[in-house]
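Structure data (mmCIF, C-alpha atoms) from run34.cif:
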```cif
data_final
#
loop_
_atom_site.label_atom_id
_atom_site.label_comp_id
_atom_site.auth_asym_id
_atom_site.auth_seq_id
_atom_site.Cartn_x
_atom_site.Cartn_y
_atom_site.Cartn_z
CA MET A 229 -14.42 -15.11 -24.65
CA ILE A 230 -14.76 -12.08 -22.37
CA GLY A 231 -13.50 -11.53 -18.84
CA LEU A 232 -15.69 -10.25 -16.03
CA TYR A 233 -14.22 -7.75 -13.57
CA ALA A 234 -17.14 -6.76 -11.42
CA ILE A 235 -20.87 -6.29 -11.04
CA VAL A 236 -21.50 -2.68 -10.15
CA GLN A 237 -24.00 0.07 -9.56
CA GLY A 238 -22.89 3.59 -10.36
CA ALA A 239 -20.07 2.42 -12.61
CA PRO A 240 -17.09 4.71 -13.24
CA LYS A 241 -17.18 6.51 -16.58
CA ARG A 242 -13.88 5.29 -17.99
CA ALA A 243 -12.91 2.08 -16.21
CA VAL A 244 -9.82 0.27 -17.44
CA GLY A 245 -8.82 -3.35 -17.01
CA ALA A 246 -5.68 -5.05 -15.79
CA ARG A 247 -3.90 -4.50 -19.11
CA GLY A 248 -5.05 -0.92 -19.49
CA GLU A 249 -7.84 -1.88 -21.85
CA PRO A 250 -11.07 0.12 -21.64
CA LEU A 251 -13.82 -1.92 -20.03
CA ARG A 252 -17.29 -2.35 -21.48
CA GLU A 253 -20.34 -1.72 -19.34
CA LEU A 254 -22.97 -4.34 -19.96
CA SER A 255 -26.28 -3.10 -18.59
CA CYS A 256 -28.39 -5.72 -16.82
CA GLY A 257 -31.35 -3.79 -15.42
CA GLU A 258 -30.61 -2.52 -11.91
CA PHE A 259 -26.89 -3.17 -12.23
CA SER A 260 -24.21 -3.55 -14.85
CA ALA A 261 -21.26 -5.82 -15.54
CA LEU A 262 -17.82 -4.47 -16.36
CA THR A 263 -16.16 -6.71 -18.90
CA GLY A 264 -12.82 -6.75 -20.66
CA GLU A 265 -10.47 -9.02 -22.51
CA ALA A 266 -10.39 -12.74 -21.71
CA PRO A 267 -8.44 -13.53 -18.52
CA PRO A 268 -4.67 -13.81 -19.03
CA GLN A 269 -2.45 -16.68 -17.98
CA LEU A 270 -2.15 -17.06 -14.24
CA SER A 271 0.93 -15.32 -12.86
CA VAL A 272 1.86 -13.17 -9.89
CA GLU A 273 1.98 -10.10 -12.11
CA ALA A 274 -1.43 -10.89 -13.59
CA LEU A 275 -2.94 -11.31 -10.11
CA ARG A 276 -1.51 -8.03 -8.88
CA ALA A 277 -2.68 -6.18 -11.97
CA TYR A 278 -6.15 -7.71 -11.72
CA GLU A 279 -6.46 -6.83 -8.04
CA ALA A 280 -5.37 -3.26 -8.76
CA ALA A 281 -7.93 -2.92 -11.56
CA VAL A 282 -10.75 -4.21 -9.36
CA ARG A 283 -9.66 -1.91 -6.54
CA ARG A 284 -9.90 1.09 -8.88
CA ILE A 285 -13.35 0.01 -10.00
CA ALA A 286 -14.55 -0.51 -6.43
CA GLU A 287 -13.28 2.87 -5.28
CA ALA A 288 -15.06 4.64 -8.13
CA SER A 289 -18.37 2.74 -7.95
CA GLU A 290 -21.31 3.22 -5.62
CA ALA A 291 -21.52 -0.54 -5.09
CA CYS A 292 -19.15 -3.20 -6.38
CA LEU A 293 -19.18 -6.99 -6.32
CA PRO A 294 -15.72 -8.08 -7.48
CA ALA A 295 -15.43 -11.11 -9.74
CA ARG A 296 -12.69 -13.62 -9.07
CA PHE A 297 -9.65 -13.74 -11.30
CA GLY A 298 -10.53 -16.02 -14.21
CA ALA A 299 -14.25 -15.24 -14.26
CA ALA A 300 -15.27 -15.32 -17.89
CA ALA A 301 -18.13 -15.96 -20.30
CA GLU A 302 -18.36 -17.04 -23.90
CA ASP A 303 -19.89 -13.72 -24.94
CA GLU A 304 -21.99 -10.84 -23.67
CA GLU A 305 -25.24 -12.65 -24.34
CA SER A 306 -24.36 -15.68 -22.23
CA LEU A 307 -23.11 -13.44 -19.42
CA ARG A 308 -26.26 -11.32 -19.54
CA SER A 309 -28.33 -14.49 -19.39
CA GLU A 310 -26.49 -15.79 -16.30
CA LEU A 311 -26.73 -12.46 -14.52
CA ALA A 312 -30.42 -12.06 -15.33
CA ALA A 313 -31.13 -15.45 -13.80
CA ARG A 314 -29.42 -14.35 -10.57
CA ALA A 315 -30.61 -10.75 -10.52
CA ALA A 316 -32.39 -10.97 -7.16
CA GLU A 317 -29.32 -12.45 -5.43
CA LEU A 318 -27.00 -9.89 -6.99
CA ASP A 319 -29.31 -6.99 -6.14
CA GLN A 320 -29.34 -8.08 -2.51
CA ALA A 321 -25.55 -8.38 -2.40
CA LEU A 322 -25.16 -4.93 -4.01
CA GLN A 323 -27.39 -3.39 -1.36
CA LEU A 324 -25.20 -4.92 1.33
CA VAL A 325 -21.89 -3.62 -0.06
CA ARG A 326 -23.11 -0.19 -1.18
CA GLY A 327 -20.77 2.47 0.21
CA ARG A 328 -18.79 -0.17 2.10
CA GLU A 329 -15.46 -1.95 1.94
CA GLN A 330 -13.91 -5.04 3.46
CA MET A 331 -11.44 -5.51 6.29
CA THR A 332 -9.73 -8.86 6.75
CA LEU A 333 -8.54 -10.49 9.96
CA ARG A 334 -6.27 -13.52 10.06
CA VAL A 335 -6.72 -15.15 13.43
CA HIS A 336 -3.75 -17.08 14.72
CA GLY A 337 -3.89 -19.28 17.78
CA LEU A 338 -2.92 -22.54 19.31
CA GLY A 339 -5.81 -24.54 17.95
CA ALA A 340 -9.40 -25.43 18.55
CA PRO A 341 -10.48 -25.22 22.19
CA ALA A 342 -10.93 -28.44 24.13
CA PRO A 343 -14.44 -29.86 23.90
CA LEU A 344 -16.70 -29.67 26.92
CA THR A 345 -15.99 -32.70 29.04
CA THR A 346 -19.17 -32.69 31.10
CA ALA A 347 -21.54 -32.59 28.18
CA GLY A 348 -22.84 -35.52 26.20
CA ALA A 349 -21.75 -36.38 22.72
CA GLY A 350 -24.63 -34.51 21.10
CA ALA A 351 -24.04 -31.35 23.13
CA ARG A 352 -20.32 -31.50 22.40
CA TYR A 353 -21.04 -31.82 18.70
CA LEU A 354 -23.39 -28.84 18.72
CA GLU A 355 -20.97 -26.77 20.80
CA ASP A 356 -18.13 -27.58 18.41
CA ARG A 357 -20.32 -26.59 15.47
CA ARG A 358 -21.28 -23.33 17.16
CA ARG A 359 -17.68 -22.45 17.97
CA ALA A 360 -16.58 -23.35 14.46
CA ARG A 361 -19.16 -21.01 13.00
CA LYS A 362 -18.76 -18.03 15.29
CA LEU A 363 -15.33 -18.18 16.95
CA PRO A 364 -16.66 -16.72 20.23
CA GLU A 365 -13.10 -15.90 21.33
CA LEU A 366 -13.51 -12.86 19.10
CA ASP A 367 -16.65 -11.61 20.84
CA PRO A 368 -14.73 -8.98 22.86
CA LEU A 369 -13.29 -7.61 19.62
CA ARG A 370 -16.71 -7.64 18.01
CA ALA A 371 -18.01 -5.66 20.97
CA ALA A 372 -15.15 -3.17 20.70
CA LEU A 373 -15.72 -2.69 16.98
CA GLY A 374 -19.45 -2.36 17.61
CA SER A 375 -21.38 -0.73 14.81
CA LEU A 376 -18.28 -0.45 12.63
CA ILE A 377 -19.06 -4.03 11.60
CA ARG A 378 -21.87 -3.99 9.07
CA ALA A 379 -21.57 -7.67 8.16
CA GLU A 380 -19.28 -10.58 8.96
CA HIS A 381 -18.14 -13.61 7.03
CA LEU A 382 -16.01 -16.13 8.86
CA GLU A 383 -14.05 -19.05 7.43
CA ARG A 384 -12.55 -21.56 9.83
CA HIS A 385 -9.23 -23.05 8.82
CA TRP A 386 -7.83 -26.33 9.97
CA GLU A 387 -4.18 -25.48 9.54
CA PRO A 388 -1.95 -25.55 12.62
CA GLY A 389 -1.64 -21.99 13.85
CA LEU A 390 -4.18 -20.32 11.59
CA LEU A 391 -7.61 -20.60 13.18
CA ALA A 392 -9.76 -18.52 10.91
CA SER A 393 -10.12 -15.71 8.45
CA VAL A 394 -12.72 -13.14 9.38
CA TYR A 395 -14.02 -10.69 6.83
CA HIS A 396 -15.85 -7.58 8.00
CA LEU A 397 -17.78 -5.13 5.92
CA VAL A 398 -17.35 -1.55 7.12
CA ASP A 399 -18.52 1.82 5.85
CA ARG A 400 -16.09 3.62 3.57
CA GLY A 401 -13.93 5.85 5.69
CA ALA A 402 -14.21 3.66 8.79
CA SER A 403 -11.20 1.51 8.00
CA VAL A 404 -8.73 3.64 10.00
CA GLU A 405 -10.77 3.36 13.17
CA TYR A 406 -11.31 -0.34 12.52
CA GLN A 407 -7.58 -0.86 11.98
CA ARG A 408 -6.73 0.99 15.19
CA THR A 409 -9.25 -0.95 17.29
CA ALA A 410 -8.44 -4.37 15.86
CA SER A 411 -4.68 -3.83 16.06
CA GLY A 412 -4.98 -2.96 19.74
CA PHE A 413 -7.01 -6.07 20.56
CA ARG A 414 -5.30 -8.47 22.96
CA SER A 415 -6.54 -11.90 23.89
CA GLU A 416 -4.58 -14.71 25.45
CA GLY A 417 -3.74 -17.38 22.92
CA LEU A 418 -4.92 -15.34 19.94
CA ARG A 419 -3.03 -13.10 17.56
CA LEU A 420 -4.59 -11.03 14.80
CA LEU A 421 -3.25 -9.73 11.53
CA VAL A 422 -5.38 -6.95 10.10
CA SER A 423 -5.43 -5.87 6.47
CA GLY A 424 -7.58 -3.61 4.37
CA PRO A 425 -9.49 -1.82 3.18
CA TRP A 426 -10.24 -4.20 0.30
CA PRO A 427 -13.05 -4.39 -2.21
CA ALA A 428 -15.83 -6.59 -0.83
CA TRP A 429 -14.31 -9.82 -2.15
CA SER A 430 -15.84 -12.06 0.48
CA PHE A 431 -19.35 -10.67 0.15
CA ALA A 432 -19.69 -11.18 -3.59
CA PRO A 433 -21.53 -14.17 -5.04
CA GLU A 434 -19.53 -16.31 -7.44
CA VAL A 435 -20.49 -15.47 -11.01
CA ALA A 436 -19.25 -16.30 -14.51
CA ILE A 437 -17.13 -19.24 -13.42
CA PRO A 438 -17.16 -21.38 -16.59
CA MET B 37 8.45 -28.07 11.14
CA SER B 38 12.10 -27.90 10.17
CA PRO B 39 14.22 -25.23 11.86
CA GLY B 40 14.95 -23.40 8.60
CA LYS B 41 11.35 -23.17 7.49
CA PRO B 42 9.64 -19.86 8.22
CA LYS B 43 6.52 -19.93 10.32
CA LEU B 44 3.18 -19.05 8.76
CA GLU B 45 2.92 -15.82 10.75
CA GLU B 46 6.39 -14.73 9.62
CA ILE B 47 5.37 -15.21 6.00
CA LEU B 48 2.11 -13.34 6.47
CA GLU B 49 3.84 -10.45 8.21
CA GLY B 50 6.73 -10.33 5.76
CA ALA B 51 7.10 -8.95 2.28
CA ASP B 52 4.99 -11.75 0.80
CA GLY B 53 2.09 -11.04 3.11
CA SER B 54 0.38 -8.60 0.78
CA LEU B 55 0.69 -11.05 -2.09
CA LEU B 56 -0.85 -13.82 0.02
CA GLU B 57 -3.72 -11.52 0.91
CA ILE B 58 -4.24 -10.75 -2.76
CA ILE B 59 -4.18 -14.42 -3.68
CA ASP B 60 -6.69 -15.26 -1.00
CA HIS B 61 -9.05 -12.49 -1.99
CA VAL B 62 -8.67 -12.69 -5.75
CA LEU B 63 -8.67 -16.45 -6.09
CA ASN B 64 -10.38 -17.69 -2.94
CA LYS B 65 -12.56 -20.45 -4.28
CA GLY B 66 -10.33 -21.02 -7.24
CA VAL B 67 -9.38 -19.97 -10.70
CA MET B 68 -10.32 -21.74 -13.89
CA VAL B 69 -7.48 -22.78 -16.14
CA HIS B 70 -8.37 -23.62 -19.70
CA GLY B 71 -6.36 -25.57 -22.19
CA GLU B 72 -6.56 -27.72 -25.25
CA LEU B 73 -4.58 -30.85 -25.93
CA VAL B 74 -4.34 -32.97 -29.02
CA LEU B 75 -2.79 -36.40 -28.78
CA GLY B 76 -1.55 -37.87 -31.99
CA VAL B 77 0.62 -40.61 -33.40
CA ALA B 78 2.81 -40.25 -36.48
CA GLY B 79 1.34 -36.89 -37.32
CA VAL B 80 -2.25 -38.11 -37.11
CA ASP B 81 -4.46 -36.42 -34.52
CA LEU B 82 -6.27 -39.09 -32.55
CA ILE B 83 -7.63 -37.51 -29.40
CA TYR B 84 -8.68 -33.94 -28.73
CA LEU B 85 -9.11 -32.82 -25.13
CA ARG B 86 -10.53 -29.54 -23.95
CA LEU B 87 -9.44 -29.06 -20.38
CA SER B 88 -10.91 -26.96 -17.61
CA ALA B 89 -9.18 -27.23 -14.26
CA VAL B 90 -9.72 -25.41 -11.00
CA LEU B 91 -6.73 -24.24 -8.99
CA CYS B 92 -7.46 -23.35 -5.42
CA ALA B 93 -6.25 -23.75 -1.88
CA ALA B 94 -6.67 -27.27 -0.54
CA ASP B 95 -8.78 -26.16 2.42
CA LYS B 96 -11.42 -24.88 0.01
CA VAL B 97 -12.16 -28.31 -1.39
CA LEU B 98 -10.99 -30.86 1.16
CA PRO B 99 -13.32 -31.72 4.03
CA ALA B 100 -12.30 -30.44 7.45
CA PRO B 101 -10.53 -33.09 9.52
CA ARG B 102 -12.59 -34.76 12.21
CA GLU B 103 -11.88 -33.62 15.71
CA ALA B 104 -10.01 -36.16 17.84
CA LYS B 105 -12.29 -37.70 20.41
#
```

I'd like the structure from this file rewritten - as structure tokens, please.
Amino acid sequence: MIGLYAIVQGAPKRAVGARGEPLRELSCGEFSALTGEAPPQLSVEALRAYEAAVRRIAEASEACLPARFGAAAEDEESLRSELAARAAELDQALQLVRGREQMTLRVHGLGAPAPLTTAGAGARYLEDRRRARKLPELDPLRAALGSLIRAEHLERHWEPGLLASVYHLVDRGASVEYQRTASGFRSEGLRLLVSGPWPAWSFAPEVAIP
Amino acid sequence: MSPGKPKLEEILEGADGSLLEIIDHVLNKGVMVHGELVLGVAGVDLIYLRLSAVLCAADKVLPAPREAK
């Protein structure tokens, strides 16, 4: 079994894995896969080492789609076959993340806003769905960040206190300005925690999950 | 929430915050755990199981709760 670290374009010359092992570059046409030893047992140390290895790869690649911890394939041939079948999807994702990195916002608040009381059931349902997808409370921040945001992925949470995680793709080098703008954002009832830059974890298709 | 239990924001802002961010990014939709198990009686192997399990945060697999009307 082999472990998959990332799908890349412009791979670094001597990439190493989480355990210092040299990674193999498996060419798949327009992109390549960086593979190493089979994933280790799950542990905090293994997660930190894996994240650090992927971060190094992302920083040294032109475009990088990180693979989740535990992504693996039986052998190179089966991995190549899976990637070939999804080449168009992966190409598109690589174009999106090229020269970019991810910023992450954790949005804390009191909870979902009250539904519209004057609307009918259908309108309330649609409004709830719209708010769940977009979190319009963040529109002022989106406006302030402007063209720094190249793409957005939002996940609503249903935990008390944590409303959503918002992942933004920004150009490399723009993270400082993003951090400054997002950290200064104030909105009644909302609180943001900003982290990054990260590899584009939330913009990578899931691959090689056995 | 009990008085002694830290709030979610305190955890995220504290020393474990970076680890939680790593877990969310690196695992997100889950990690596959593989294992093999052989059940036997009196030294005789009877059942062989090859296990694949997914570990992930509950909110990735459980449906969102319905909004109260």

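For the structure shown here, the set of residues caught by the PyMOL selection byres ((chain A and resi 317) around 12) is Ile235, Glu258, Phe259, Leu293, Glu310, Leu311, Ala312, Ala313, Arg314, Ala315, Ala316, Leu318, Asp319, Gln320, Ala321, Leu322, Gln323, Leu324, Phe431, Ala432, Pro433, Glu434 and Val435 of chain A.
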
Practice prompt. May I ask which of the residues A:Arg326, A:Pro294, A:Asp303, A:Gly417 is the closest one to Val282 of chain A, counting only C-alpha atoms?
Written response: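 Closest residue, counting only C-alpha atoms: A:Pro294.
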
- Task: Decode the PyMOL selection byres ((chain A) within 6 of (chain B)) for the given file into explicit residues and return them as JSON, numbers by chain.
- Result: {"A": [296, 297, 298, 429]}

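Taking atom CA of Glu405 of chain A and atom CA of Lys362 of chain A as the two end points, the separation is 22.9 Å.
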
For this session: Would you translate the PyMOL selection byres ((chain A and resi 261-276) around 8) into the concrete set of residues it matches in this file, as number ranges by chain?
Result: A: 229-236, 245-246, 249-256, 259-260, 277-280, 297-300; B: 55, 58-59, 62

Between atom CA of Ala286 of chain A and atom CA of Pro427 of chain A, what is the distance in Å, rounded to a tenth?
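Atom-to-atom, atom CA of Ala286 of chain A to atom CA of Pro427 of chain A, that is 5.9 Å.
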
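The spacing separating atom CA of Gly327 of chain A from atom CA of Glu383 of chain A amounts to 23.7 Å.
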
* Between A:Gly337, A:Ser306, A:Thr409, A:Met331, which one has atoms that come closest to Trp386 of chain A, using all atoms listed in the file? ->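 Looking only at the distances to Trp386 of chain A, the closest residue turns out to be A:Gly337.
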
Please write out, as AutoDock Vina command-line options, where the centre of an axis-aligned box around all listed atoms of segment 252-260 of chain A lies and how long its edges are, in Å to one decimal, after adding 5 Å on each side.
```
--center_x -24.3 --center_y -3.7 --center_z -16.7 --size_x 24.1 --size_y 14.0 --size_z 19.6
```

All residues 12 Å or closer to Pro368 of chain A, all atoms listed in the file, same chain fewer than 2 positions away omitted, as a PDB file with C-alpha atoms, in the coordinates of the input:
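As a result, selection17.pdb now contains:
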```
ATOM      1  CA  LEU A 363     -15.330 -18.180  16.950  1.00  0.00           C
ATOM      2  CA  PRO A 364     -16.660 -16.720  20.230  1.00  0.00           C
ATOM      3  CA  GLU A 365     -13.100 -15.900  21.330  1.00  0.00           C
ATOM      4  CA  LEU A 366     -13.510 -12.860  19.100  1.00  0.00           C
ATOM      5  CA  ARG A 370     -16.710  -7.640  18.010  1.00  0.00           C
ATOM      6  CA  ALA A 371     -18.010  -5.660  20.970  1.00  0.00           C
ATOM      7  CA  ALA A 372     -15.150  -3.170  20.700  1.00  0.00           C
ATOM      8  CA  LEU A 373     -15.720  -2.690  16.980  1.00  0.00           C
ATOM      9  CA  GLY A 374     -19.450  -2.360  17.610  1.00  0.00           C
ATOM     10  CA  THR A 409      -9.250  -0.950  17.290  1.00  0.00           C
ATOM     11  CA  ALA A 410      -8.440  -4.370  15.860  1.00  0.00           C
ATOM     12  CA  GLY A 412      -4.980  -2.960  19.740  1.00  0.00           C
ATOM     13  CA  PHE A 413      -7.010  -6.070  20.560  1.00  0.00           C
ATOM     14  CA  ARG A 414      -5.300  -8.470  22.960  1.00  0.00           C
ATOM     15  CA  SER A 415      -6.540 -11.900  23.890  1.00  0.00           C
ATOM     16  CA  GLU A 416      -4.580 -14.710  25.450  1.00  0.00           C
TER      17      GLU A 416
END
```
